[in-house]
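To start, the structure under review is shown below, and the notes come after it.
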Amino acid sequence: MRSLATLAVELVLLADYWRADCDERTDIGRLVHRAKDQDDPEAATELADRFAGLAGSLPDTPGGSDRLVVPVPPTQPAAETVGELLVDALARSLAAAGAGEYRSDLVDRTAVTPRLRNVDPQQRTEIAAAAGYRASDAAAGRHVVVVDDVILTGTTVSAVAACLRDAGAASVTAAVAARTRLH
């Protein structure tokens with residue numbers, strides 16, 4: 001698995017999940033927790049509104065060409081998903097703020113894998129590879145923004161970026177709501 005640095009993926013981050021000086025969530029960490037782990041729609045809306053502000057922080061594209069905005073595909077099949085996933089709400093919000101065209105169909109996964117939240121960082125690469133990410137031919141020559149809600153090691157974003165690069169994407173930027181640490 002290639003690292004974020006190896007893939008030349010620029011990371012645009014809203015905030016850290018945990019405060020640096022203690023084991024307390026940041027404001028964004030609390031919103032992510034409420035939205036993702038407690039299914040709080042008000043928190044999801046507030047987080048998506050704040051996330052939209054990242055549109056102005058994305059790197060410029062050559063000639064101002066349009067970007068595609070794609071959420072990281074979920075770990076479970078869409079048929080098993082209840083309501084809109086947080087990552088989809090974030091991607092839609094970013095696209096609506098002018099970051100590019102929202103394309104949930106640009107990347108899919110061919111296998112169900114466990115959530116990486118509780119997986120040892122040493123095993124994450126193997127699990128991400130087992131997801132079988134595939135990118136549509138529509139990625140060829142395009143600048144793509146991959147949206148994820150939380151990252152720890154960047155393994156999932158790296159796997160998605162690799163499949164986009166293999167499909168010919170001109171560039172890949174990761175836009176993430178919160179970066180966490182082992183806790």
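In the structure tokens, each chain is lettered A, B, ... as it comes, each chain's residues begin at 1, and ligands are numbered from 1 in order of appearance.
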
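Every protein, DNA or RNA residue with an atom at most 12 Å from A:Asp49, where only C-alpha atoms count and chain neighbours fewer than 4 positions away do not, is listed here: Leu14, Ile28, Leu31, Glu42, Ala43, Ala44, Thr45, Gly53, Leu54, Ala55, Ala89, Leu90, Ala91, Arg92, Ser93, Leu94, Ala95, Ala96, Ala97 and Ala177 of chain A.
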
The selected residues should be written to file as a PDB file, in the first residue's frame (atoms: C-alpha atoms).
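Just written: result.pdb:
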```
ATOM      1  CA  LEU A  14     -11.098  20.599   9.104  1.00  0.00           C
ATOM      2  CA  ILE A  28     -15.246  19.095  15.634  1.00  0.00           C
ATOM      3  CA  LEU A  31     -19.696  16.934  16.322  1.00  0.00           C
ATOM      4  CA  GLU A  42     -28.430  18.169  13.924  1.00  0.00           C
ATOM      5  CA  ALA A  43     -24.749  17.451  14.561  1.00  0.00           C
ATOM      6  CA  ALA A  44     -24.406  16.025  11.032  1.00  0.00           C
ATOM      7  CA  THR A  45     -25.939  19.168   9.546  1.00  0.00           C
ATOM      8  CA  GLY A  53     -15.777  25.871   4.342  1.00  0.00           C
ATOM      9  CA  LEU A  54     -12.974  23.580   3.148  1.00  0.00           C
ATOM     10  CA  ALA A  55     -13.971  24.313  -0.462  1.00  0.00           C
ATOM     11  CA  ALA A  89     -23.439  14.491   3.686  1.00  0.00           C
ATOM     12  CA  LEU A  90     -19.930  15.944   3.917  1.00  0.00           C
ATOM     13  CA  ALA A  91     -19.182  15.288   0.236  1.00  0.00           C
ATOM     14  CA  ARG A  92     -22.504  16.813  -0.873  1.00  0.00           C
ATOM     15  CA  SER A  93     -21.863  19.841   1.311  1.00  0.00           C
ATOM     16  CA  LEU A  94     -18.379  20.359  -0.126  1.00  0.00           C
ATOM     17  CA  ALA A  95     -19.676  20.011  -3.686  1.00  0.00           C
ATOM     18  CA  ALA A  96     -22.523  22.451  -3.011  1.00  0.00           C
ATOM     19  CA  ALA A  97     -19.949  24.963  -1.739  1.00  0.00           C
ATOM     20  CA  ALA A 177     -13.435  16.345   8.782  1.00  0.00           C
TER      21      ALA A 177
END
```

Non-local contacts of A:Asp137 (12 Å; only C-alpha atoms; under 3 positions in same chain excluded) as a ChimeraX atom specification: /A:105-107,134,140-142,163-169

Looking only at strand (DSSP E) from DSSP on the backbone, list the matching residues of chain A as a ChimeraX atom specification. /A:10-16,67-71,101-102,107-109,133-135,143-151,171-179

Given the selection you just returned, output its residues as a file containing C-alpha atoms, formatted as a PDB file, in the first residue's frame.
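Generated file (out_11.pdb):
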```
ATOM      1  CA  GLU A  10      -2.716  16.608  -0.372  1.00  0.00           C
ATOM      2  CA  LEU A  11      -4.684  16.446   2.867  1.00  0.00           C
ATOM      3  CA  VAL A  12      -7.119  19.262   3.628  1.00  0.00           C
ATOM      4  CA  LEU A  13      -8.305  18.886   7.204  1.00  0.00           C
ATOM      5  CA  LEU A  14     -11.098  20.599   9.104  1.00  0.00           C
ATOM      6  CA  ALA A  15      -9.702  19.821  12.596  1.00  0.00           C
ATOM      7  CA  ASP A  16      -8.204  17.256  14.914  1.00  0.00           C
ATOM      8  CA  ARG A  67     -13.093  18.744  -9.785  1.00  0.00           C
ATOM      9  CA  LEU A  68     -15.065  15.668  -8.932  1.00  0.00           C
ATOM     10  CA  VAL A  69     -16.008  15.174  -5.262  1.00  0.00           C
ATOM     11  CA  VAL A  70     -16.352  11.564  -4.132  1.00  0.00           C
ATOM     12  CA  PRO A  71     -17.127  10.114  -0.700  1.00  0.00           C
ATOM     13  CA  GLU A 101     -19.324  17.851  -9.002  1.00  0.00           C
ATOM     14  CA  TYR A 102     -20.570  15.304  -6.421  1.00  0.00           C
ATOM     15  CA  VAL A 107     -15.488   4.787  -6.683  1.00  0.00           C
ATOM     16  CA  ASP A 108     -17.027   1.592  -5.408  1.00  0.00           C
ATOM     17  CA  ARG A 109     -15.847  -1.311  -3.328  1.00  0.00           C
ATOM     18  CA  TYR A 133     -11.822  -0.356  -4.530  1.00  0.00           C
ATOM     19  CA  ARG A 134     -12.508   0.374  -8.197  1.00  0.00           C
ATOM     20  CA  ALA A 135     -12.741   3.748  -9.911  1.00  0.00           C
ATOM     21  CA  HIS A 143      -8.959  16.306 -10.375  1.00  0.00           C
ATOM     22  CA  VAL A 144     -10.668  14.348  -7.623  1.00  0.00           C
ATOM     23  CA  VAL A 145     -11.432  15.251  -4.018  1.00  0.00           C
ATOM     24  CA  VAL A 146     -11.895  12.171  -1.829  1.00  0.00           C
ATOM     25  CA  VAL A 147     -13.987  12.916   1.260  1.00  0.00           C
ATOM     26  CA  ASP A 148     -13.698  10.989   4.516  1.00  0.00           C
ATOM     27  CA  ASP A 149     -15.122  11.806   7.916  1.00  0.00           C
ATOM     28  CA  VAL A 150     -12.277  10.574  10.150  1.00  0.00           C
ATOM     29  CA  ILE A 151      -8.753   9.341   9.461  1.00  0.00           C
ATOM     30  CA  SER A 171      -4.709  14.601  -9.060  1.00  0.00           C
ATOM     31  CA  VAL A 172      -6.241  13.421  -5.819  1.00  0.00           C
ATOM     32  CA  THR A 173      -6.854  15.559  -2.751  1.00  0.00           C
ATOM     33  CA  ALA A 174      -8.246  14.200   0.511  1.00  0.00           C
ATOM     34  CA  ALA A 175     -10.719  16.391   2.405  1.00  0.00           C
ATOM     35  CA  VAL A 176     -11.290  15.091   5.918  1.00  0.00           C
ATOM     36  CA  ALA A 177     -13.435  16.345   8.782  1.00  0.00           C
ATOM     37  CA  ALA A 178     -11.230  15.083  11.617  1.00  0.00           C
ATOM     38  CA  ARG A 179      -7.873  13.438  12.156  1.00  0.00           C
TER      39      ARG A 179
END
```

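Per DSSP on the backbone, alpha helix (DSSP H) in stretch 10-84 of chain A comprises Asp27, Ile28, Gly29, Arg30, Leu31, Val32, Pro41, Glu42, Ala43, Ala44, Thr45, Glu46, Leu47, Ala48, Asp49, Arg50, Phe51 and Ala52 of chain A.
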
Contacts of A:Ala35 at 10 Å or less, counting only C-alpha atoms, minus same-chain residues fewer than 3 places along, as a count of residues only? 17
